[in-house]
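Below is protein.cif, holding mmCIF, C-alpha atoms.
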data_protein
#
loop_
_atom_site.label_atom_id
_atom_site.label_comp_id
_atom_site.auth_asym_id
_atom_site.auth_seq_id
_atom_site.Cartn_x
_atom_site.Cartn_y
_atom_site.Cartn_z
CA MET L 1 54.46 177.93 32.44
CA LEU L 2 51.80 176.31 34.56
CA PRO L 3 52.94 175.53 38.11
CA ALA L 4 51.94 171.90 37.57
CA GLU L 5 54.19 171.77 34.53
CA MET L 6 57.10 173.21 36.49
CA ASP L 7 56.57 170.48 39.06
CA LEU L 8 56.51 167.86 36.35
CA VAL L 9 59.83 169.07 34.99
CA GLY L 10 61.37 168.78 38.44
CA GLN L 11 59.94 165.33 38.99
CA ALA L 12 61.09 164.15 35.59
CA ARG L 13 64.59 165.36 36.37
CA ARG L 14 64.52 163.36 39.59
CA GLY L 15 63.68 160.19 37.70
CA ASP L 16 59.87 160.13 37.76
CA GLU L 17 59.10 158.45 34.46
CA GLN L 18 55.38 159.11 34.68
CA ALA L 19 56.00 162.84 35.02
CA PHE L 20 58.30 162.73 32.04
CA LEU L 21 55.77 160.86 29.92
CA THR L 22 53.09 163.38 30.83
CA LEU L 23 55.27 166.26 29.66
CA TYR L 24 56.33 164.36 26.58
CA GLY L 25 52.73 163.54 25.70
CA ARG L 26 51.72 167.19 26.01
CA HIS L 27 54.40 168.67 23.79
CA ARG L 28 55.61 165.85 21.58
CA THR L 29 53.30 166.31 18.61
CA ALA L 30 53.60 170.07 18.33
CA LEU L 31 57.37 169.93 18.64
CA PHE L 32 57.64 167.18 16.07
CA ARG L 33 55.35 169.05 13.63
CA PHE L 34 57.33 172.25 14.03
CA VAL L 35 60.67 170.57 13.39
CA TYR L 36 59.30 168.55 10.51
CA ARG L 37 58.01 171.64 8.74
CA LEU L 38 61.18 173.55 9.50
CA ALA L 39 63.58 170.84 8.38
CA GLY L 40 61.46 168.85 5.95
CA SER L 41 62.64 165.53 7.32
CA VAL L 42 60.87 163.02 9.53
CA ALA L 43 64.15 161.50 10.69
CA LEU L 44 65.55 164.87 11.68
CA ALA L 45 62.28 165.79 13.38
CA GLU L 46 62.44 162.62 15.47
CA ASP L 47 66.08 163.18 16.39
CA VAL L 48 65.58 166.78 17.38
CA THR L 49 62.41 166.00 19.34
CA GLN L 50 64.27 163.36 21.33
CA GLU L 51 67.25 165.62 21.86
CA CYS L 52 65.08 168.46 23.17
CA PHE L 53 63.31 166.32 25.75
CA LEU L 54 66.54 164.73 26.90
CA ALA L 55 68.15 168.15 27.30
CA LEU L 56 65.16 169.22 29.37
CA VAL L 57 65.56 166.21 31.65
CA LYS L 58 69.30 166.66 31.96
CA GLY L 59 68.72 170.14 33.32
CA ALA L 60 69.55 172.32 30.35
CA ASP L 61 69.50 176.03 31.03
CA PHE L 62 65.79 176.43 31.56
CA ASP L 63 63.99 179.03 33.60
CA GLY L 64 60.27 178.51 33.96
CA ASP L 65 59.77 182.13 34.95
CA ARG L 66 61.03 183.42 31.63
CA GLY L 67 58.54 181.68 29.39
CA SER L 68 56.46 178.65 28.62
CA LEU L 69 57.84 175.17 28.34
CA GLN L 70 56.53 174.99 24.80
CA GLY L 71 58.44 178.15 23.89
CA TYR L 72 61.56 176.77 25.52
CA LEU L 73 61.31 173.49 23.61
CA PHE L 74 60.61 175.28 20.33
CA GLY L 75 63.55 177.60 20.87
CA MET L 76 65.88 174.70 21.55
CA ALA L 77 64.54 172.81 18.56
CA ARG L 78 65.01 175.67 16.13
CA ASN L 79 68.60 176.14 17.31
CA LEU L 80 69.31 172.45 16.82
CA VAL L 81 67.72 172.45 13.38
CA PHE L 82 69.60 175.52 12.24
CA ARG L 83 72.85 174.08 13.56
CA ARG L 84 72.27 170.79 11.86
CA LEU L 85 71.30 172.34 8.61
CA ARG L 86 74.29 174.66 8.95
CA ILE L 87 72.25 177.67 8.23
CA ALA L 88 73.86 180.87 9.38
CA GLU L 89 71.33 183.43 10.56
CA ARG L 90 73.22 186.18 8.79
CA GLU L 91 72.85 184.43 5.49
CA SER L 92 69.21 183.75 6.19
CA GLU L 93 68.56 187.41 6.88
CA GLU L 94 69.82 188.40 3.45
CA PRO L 95 66.98 189.18 1.08
CA ALA L 96 66.16 186.10 -0.85
CA GLU L 97 65.49 186.13 -4.50
CA ILE L 98 61.80 186.07 -5.20
CA PRO L 99 61.14 182.65 -6.66
CA ALA L 100 59.46 182.40 -9.99
CA PRO L 101 55.84 181.24 -9.96
CA LEU L 102 55.56 177.52 -10.35
CA ASP L 103 54.22 176.01 -13.46
CA ILE L 104 51.04 175.22 -11.60
CA LEU L 105 49.13 173.60 -14.42
CA GLY L 106 51.96 171.19 -15.03
CA GLU L 107 52.58 170.66 -11.37
CA LEU L 108 48.95 169.98 -10.62
CA LEU L 109 49.05 167.04 -12.92
CA SER L 110 51.85 165.35 -11.03
CA SER L 111 51.80 166.75 -7.52
CA GLU L 112 49.28 167.39 -4.85
CA ARG L 113 48.48 170.86 -3.70
CA ALA L 114 49.89 170.13 -0.27
CA ALA L 115 53.20 169.16 -1.81
CA LEU L 116 53.29 172.47 -3.65
CA VAL L 117 52.64 174.36 -0.44
CA ALA L 118 55.33 172.37 1.35
CA GLU L 119 57.76 173.10 -1.42
CA ALA L 120 56.92 176.79 -1.33
CA VAL L 121 57.41 177.00 2.44
CA ALA L 122 60.63 175.02 2.22
CA SER L 123 61.97 177.48 -0.34
CA LEU L 124 61.76 180.36 2.13
CA PRO L 125 64.88 181.53 3.97
CA ALA L 126 65.18 179.69 7.30
CA LEU L 127 64.12 182.54 9.58
CA GLN L 128 61.15 183.47 7.43
CA ARG L 129 60.18 179.83 7.26
CA GLU L 130 60.37 179.58 11.03
CA ALA L 131 58.13 182.62 11.46
CA VAL L 132 55.53 181.31 9.03
CA ILE L 133 55.44 177.87 10.60
CA LEU L 134 55.08 179.18 14.14
CA PHE L 135 52.44 181.74 13.15
CA GLU L 136 50.37 179.88 10.60
CA TYR L 137 50.67 176.29 11.72
CA GLU L 138 51.40 176.42 15.45
CA GLU L 139 49.26 179.54 15.87
CA LEU L 140 51.63 181.25 18.27
CA SER L 141 51.42 184.95 18.94
CA LEU L 142 53.98 187.42 17.61
CA GLU L 143 55.33 187.82 21.14
CA GLN L 144 55.76 184.09 21.58
CA ILE L 145 57.53 183.81 18.25
CA ALA L 146 59.80 186.70 19.17
CA THR L 147 60.76 184.94 22.41
CA ILE L 148 61.53 181.70 20.63
CA ALA L 149 63.55 183.37 17.88
CA GLY L 150 65.30 185.69 20.30
CA VAL L 151 64.34 188.86 18.44
CA ASP L 152 61.84 191.65 18.94
CA VAL L 153 58.28 191.61 17.67
CA GLY L 154 59.12 194.04 14.88
CA ALA L 155 61.62 191.62 13.41
CA VAL L 156 59.05 188.84 13.50
CA LYS L 157 56.51 191.02 11.71
CA ALA L 158 59.05 191.87 9.04
CA ARG L 159 59.95 188.23 8.51
CA LEU L 160 56.31 187.24 8.30
CA HIS L 161 55.58 190.00 5.81
CA ARG L 162 58.47 189.01 3.54
CA ALA L 163 57.58 185.36 3.83
CA ARG L 164 53.96 185.91 2.89
CA GLU L 165 54.93 188.06 -0.05
CA SER L 166 57.21 185.32 -1.33
CA LEU L 167 54.57 182.67 -0.79
CA ARG L 168 51.91 184.73 -2.57
CA LYS L 169 54.16 185.13 -5.57
CA ARG L 170 55.15 181.51 -5.62
CA LEU L 171 51.64 180.18 -5.13
CA SER L 172 49.84 182.90 -7.06
CA ALA L 173 48.66 180.61 -9.84
CA LEU L 174 47.24 178.16 -7.35
CA MET L 175 45.42 180.92 -5.49
CA ILE L 176 44.00 182.30 -8.74
CA HIS L 177 42.87 178.82 -9.64
CA ASP L 178 41.06 178.56 -6.30
CA THR L 179 39.41 181.93 -6.77
CA GLU L 180 38.22 181.07 -10.27
CA ARG L 181 36.85 177.78 -9.03
CA LYS L 182 34.91 179.54 -6.29
CA CYS L 183 33.49 182.09 -8.76
CA SER L 184 32.39 179.43 -11.19
CA MET X 1 46.87 187.87 8.08
CA THR X 2 43.12 187.83 8.12
CA GLU X 3 40.97 184.78 8.49
CA ASN X 4 39.71 185.15 4.93
CA ASP X 5 43.19 185.31 3.51
CA PRO X 6 43.33 182.75 0.69
CA LEU X 7 47.01 182.23 1.37
CA GLN X 8 46.25 181.12 4.91
CA GLY X 9 43.73 178.57 3.69
CA LEU X 10 46.17 177.31 1.13
CA LEU X 11 48.96 176.94 3.67
CA ARG X 12 46.75 174.87 5.93
CA GLU X 13 46.45 172.24 3.23
CA TRP X 14 49.97 171.12 4.05
CA LYS X 15 49.57 168.63 6.88
CA SER X 16 52.43 167.34 8.93
CA PRO X 17 52.74 163.61 9.62
CA GLU X 18 52.18 162.45 13.17
CA PRO X 19 55.17 161.23 15.15
CA ALA X 20 55.60 157.47 14.81
CA PRO X 21 54.90 155.20 17.81
CA GLU X 22 58.51 154.04 17.55
CA LEU X 23 59.57 157.51 18.63
CA ASP X 24 57.70 157.05 21.92
CA ALA X 25 59.51 153.79 22.65
CA ARG X 26 62.82 155.34 21.67
CA MET X 27 62.15 158.35 23.86
CA THR X 28 61.25 156.23 26.87
CA ALA X 29 64.40 154.15 26.48
CA ALA X 30 66.53 157.26 26.12
CA TYR X 31 64.94 158.77 29.24
CA ARG X 32 65.64 155.63 31.29
CA GLU X 33 69.21 155.58 30.09
CA ALA X 34 69.67 159.24 30.97
CA VAL X 35 68.19 158.74 34.44
CA HIS X 36 70.39 155.69 35.00
CA GLN X 37 73.52 157.55 33.94
CA ASP X 38 72.57 160.44 36.19
CA ALA X 39 72.11 158.09 39.16
CA VAL X 40 75.46 156.45 38.50
CA ARG X 41 77.16 159.81 38.18
CA ARG X 42 75.83 160.87 41.58
CA SER X 43 76.74 157.64 43.39
CA PRO X 44 79.93 157.40 45.50
CA VAL X 45 83.19 156.47 43.81
CA LEU X 46 83.48 153.08 45.55
CA ARG X 47 79.95 152.12 44.56
CA ARG X 48 80.63 153.23 41.03
CA PHE X 49 83.77 151.07 41.03
CA TRP X 50 81.86 147.99 42.15
CA ARG X 51 79.17 148.61 39.59
CA ALA X 52 81.61 149.27 36.79
CA ARG X 53 81.52 146.86 33.91
CA VAL X 54 84.19 146.14 31.35
CA SER X 55 83.13 145.15 27.93
CA VAL X 56 85.53 142.85 26.10
CA PRO X 57 84.99 141.56 22.57
CA ALA X 58 84.49 137.78 22.48
CA PRO X 59 87.59 137.11 20.28
CA VAL X 60 89.79 139.06 22.68
CA PHE X 61 88.36 137.16 25.62
CA ALA X 62 88.97 133.82 23.85
CA VAL X 63 92.58 134.73 23.09
CA GLY X 64 93.07 135.69 26.73
CA VAL X 65 91.73 132.37 27.94
CA VAL X 66 94.01 130.49 25.51
CA VAL X 67 97.04 132.46 26.66
CA VAL X 68 96.32 131.77 30.34
CA VAL X 69 95.87 128.04 29.70
CA ALA X 70 99.05 127.91 27.57
CA VAL X 71 101.13 129.61 30.24
CA PHE X 72 99.78 127.25 32.91
CA LEU X 73 100.62 124.18 30.83
CA TRP X 74 104.07 125.47 29.92
CA VAL X 75 104.93 126.01 33.57
CA ARG X 76 103.84 122.48 34.46
CA VAL X 77 105.76 120.84 31.59
CA ALA X 78 108.92 122.85 32.17
CA SER X 79 109.21 121.77 35.82
CA PRO X 80 108.19 118.06 36.16
CA HIS X 81 110.23 117.43 39.41
CA PRO X 82 110.28 119.46 42.57
CA PRO X 83 113.37 121.63 42.75
CA ALA X 84 116.40 120.21 44.63
CA LEU X 85 117.17 121.64 48.01
CA PRO X 86 120.13 123.94 47.91
CA ALA X 87 123.26 122.56 49.59
CA THR X 88 124.37 124.44 52.63
CA SER X 89 127.51 124.12 54.64
CA ASP X 90 125.71 123.31 57.89
CA VAL X 91 123.46 120.53 56.69
CA VAL X 92 124.51 117.19 55.23
CA THR X 93 121.82 115.14 53.69
CA HIS X 94 122.44 111.49 53.04
CA LEU X 95 120.08 109.94 50.60
CA ASP X 96 122.27 106.85 50.48
CA ALA X 97 121.32 104.24 53.12
CA THR X 98 124.48 102.17 52.72
CA GLY X 99 125.96 101.15 56.08
CA PHE X 100 122.94 102.31 57.98
CA GLN X 101 122.71 100.93 61.45
CA ALA X 102 119.81 101.54 63.67
CA LEU X 103 120.62 102.72 67.14
CA PRO X 104 120.13 99.98 69.66
CA ASN X 105 117.85 101.88 71.93
CA GLY X 106 116.04 103.65 69.07
CA GLU X 107 117.11 107.06 70.27
CA ALA X 108 117.93 109.72 67.76
CA ARG X 109 121.06 111.76 68.29
CA VAL X 110 121.96 115.02 66.64
CA ILE X 111 125.61 115.42 65.75
CA SER X 112 127.32 118.47 64.39
CA VAL X 113 129.05 118.73 61.02
CA LYS X 114 132.46 119.00 62.68
CA GLU X 115 131.89 115.81 64.62
CA LEU X 116 130.75 114.05 61.52
CA ARG X 117 133.81 115.16 59.52
CA LYS X 118 136.07 113.85 62.27
#

Using structure tokens, write down the structure from this file.
Amino acid sequence: MLPAEMDLVGQARRGDEQAFLTLYGRHRTALFRFVYRLAGSVALAEDVTQECFLALVKGADFDGDRGSLQGYLFGMARNLVFRRLRIAERESEEPAEIPAPLDILGELLSSERAALVAEAVASLPALQREAVILFEYEELSLEQIATIAGVDVGAVKARLHRARESLRKRLSALMIHDTERKCS
Amino acid sequence: MTENDPLQGLLREWKSPEPAPELDARMTAAYREAVHQDAVRRSPVLRRFWRARVSVPAPVFAVGVVVVVAVFLWVRVASPHPPALPATSDVVTHLDATGFQALPNGEARVISVKELRK
């Protein structure tokens, strides 16, 4: 974490509203996006975002020397989301059934491509979904994801691999459609 | 996981909504509340006592006011006259002025109960 950011955390805890708003402005959007994609709910994303920043101000167990503030906030958020969704990690680690490919032609008529992608990501087991979101959307490194998830890098790689395989199968028709469109 | 991966491009088509401006206002209010609570928690007990507030629902407050007024009125109606002085063996009070004679020189004289009974 940047020294300036550590100072801001301290000032915010002492009641400096401007320091708090600076921190909030820096991390708000990314945290909200992460929670929204993980939970699939705007209301839950807002609640968890607020809860994370309040916990930071109230002096939750946070050590700036152990990682970035963003990683800390993401780690807290994922724990809150998993708790709220009552998803047990053990269950999430169990191999999920490979979903059947969507009826893309039919779906394309009624849904947007983005909605199909969102649905495909949402269908992943929670821990795989978390890995995909942090890697693909938040563009964090494997090491950063491992810190947030509290596992080693190997576990993150395995989750990402399984997640991408599932997504490829689920979105295969859409990807073929894209390829054909490019060729023609 | 390469840049040319079609899956990666496809995934990026899913955009997240931006946080609503209402969240900012909510967050600021929650921060102020948290800071205020923290300040109160750290203040001395006596100061906390003087700053303490009690919230009472309006109907309960109204009933309380009515009860206080009713008790006050009942006390006043139940005792219209001042209470009589208790009779003691050493003091004789004559409210009757029959046979009163003023002393010639206007001097007051204190006599004992025994002398009076004689």

Can you build me a table of chain L residues sitting at most 7 Å from chain X, with the closest atom pair per residue and its distance in Å to one decimal, using only C-alpha atoms, sorted by chain and residue number, as JSON lines?
{"residue": "L:Gly15", "atom": "CA", "partner": "X:Val35", "partner_atom": "CA", "distance": 5.8}
{"residue": "L:Thr29", "atom": "CA", "partner": "X:Pro19", "partner_atom": "CA", "distance": 6.4}
{"residue": "L:Phe32", "atom": "CA", "partner": "X:Pro19", "partner_atom": "CA", "distance": 6.5}
{"residue": "L:Arg33", "atom": "CA", "partner": "X:Ser16", "partner_atom": "CA", "distance": 5.8}
{"residue": "L:Glu46", "atom": "CA", "partner": "X:Leu23", "partner_atom": "CA", "distance": 6.7}
{"residue": "L:Gln50", "atom": "CA", "partner": "X:Met27", "partner_atom": "CA", "distance": 6.0}
{"residue": "L:Leu54", "atom": "CA", "partner": "X:Tyr31", "partner_atom": "CA", "distance": 6.6}
{"residue": "L:Ala114", "atom": "CA", "partner": "X:Trp14", "partner_atom": "CA", "distance": 4.4}
{"residue": "L:Ala115", "atom": "CA", "partner": "X:Trp14", "partner_atom": "CA", "distance": 7.0}
{"residue": "L:Val117", "atom": "CA", "partner": "X:Leu11", "partner_atom": "CA", "distance": 6.1}
{"residue": "L:Ala118", "atom": "CA", "partner": "X:Trp14", "partner_atom": "CA", "distance": 6.1}
{"residue": "L:Arg168", "atom": "CA", "partner": "X:Leu7", "partner_atom": "CA", "distance": 6.8}
{"residue": "L:Met175", "atom": "CA", "partner": "X:Pro6", "partner_atom": "CA", "distance": 6.8}

Since we have the selection now, will you write its residues out, keeping C-alpha atoms, as a PDB file, keeping the file's coordinate frame?
ATOM      1  CA  GLY L  15      63.680 160.190  37.700  1.00  0.00           C
ATOM      2  CA  THR L  29      53.300 166.310  18.610  1.00  0.00           C
ATOM      3  CA  PHE L  32      57.640 167.180  16.070  1.00  0.00           C
ATOM      4  CA  ARG L  33      55.350 169.050  13.630  1.00  0.00           C
ATOM      5  CA  GLU L  46      62.440 162.620  15.470  1.00  0.00           C
ATOM      6  CA  GLN L  50      64.270 163.360  21.330  1.00  0.00           C
ATOM      7  CA  LEU L  54      66.540 164.730  26.900  1.00  0.00           C
ATOM      8  CA  ALA L 114      49.890 170.130  -0.270  1.00  0.00           C
ATOM      9  CA  ALA L 115      53.200 169.160  -1.810  1.00  0.00           C
ATOM     10  CA  VAL L 117      52.640 174.360  -0.440  1.00  0.00           C
ATOM     11  CA  ALA L 118      55.330 172.370   1.350  1.00  0.00           C
ATOM     12  CA  ARG L 168      51.910 184.730  -2.570  1.00  0.00           C
ATOM     13  CA  MET L 175      45.420 180.920  -5.490  1.00  0.00           C
TER      14      MET L 175
END

Contacts of range 133-143 of chain L at 12 Å or less, counting only C-alpha atoms, minus same-chain residues fewer than 6 places along, as JSON, numbers by chain? {"L": [27, 29, 30, 31, 32, 33, 34, 35, 36, 37, 38, 39, 40, 67, 68, 70, 71, 74, 75, 78, 117, 118, 121, 122, 124, 126, 127, 149, 150, 151, 152, 153, 154, 155, 156, 157, 158, 159, 160, 161, 163, 164], "X": [1, 2, 3, 5, 7, 8, 9, 10, 11, 12, 13, 14, 15, 16]}

By how many Å are CA of Arg28 in chain L and CA of Arg83 in chain L apart? 20.7 Å

Rounded to one decimal in Å, what is the spacing between CA of Val60 in chain X and CA of Arg76 in chain X?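 About the pair CA of Val60 in chain X and CA of Arg76 in chain X: they are 24.7 Å apart.
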
Could you check how far CA of Leu167 in chain L sits from CA of Ala120 in chain L, in Å to one decimal? 6.4 Å

Hey, what comes out of the PyMOL selection byres ((chain L and resi 20) around 10) on this file? Could you write it as JSON, numbers by chain? {"L": [8, 9, 10, 11, 12, 13, 14, 15, 16, 17, 18, 19, 21, 22, 23, 24, 25, 26, 53, 54, 56, 57], "X": [28, 31]}
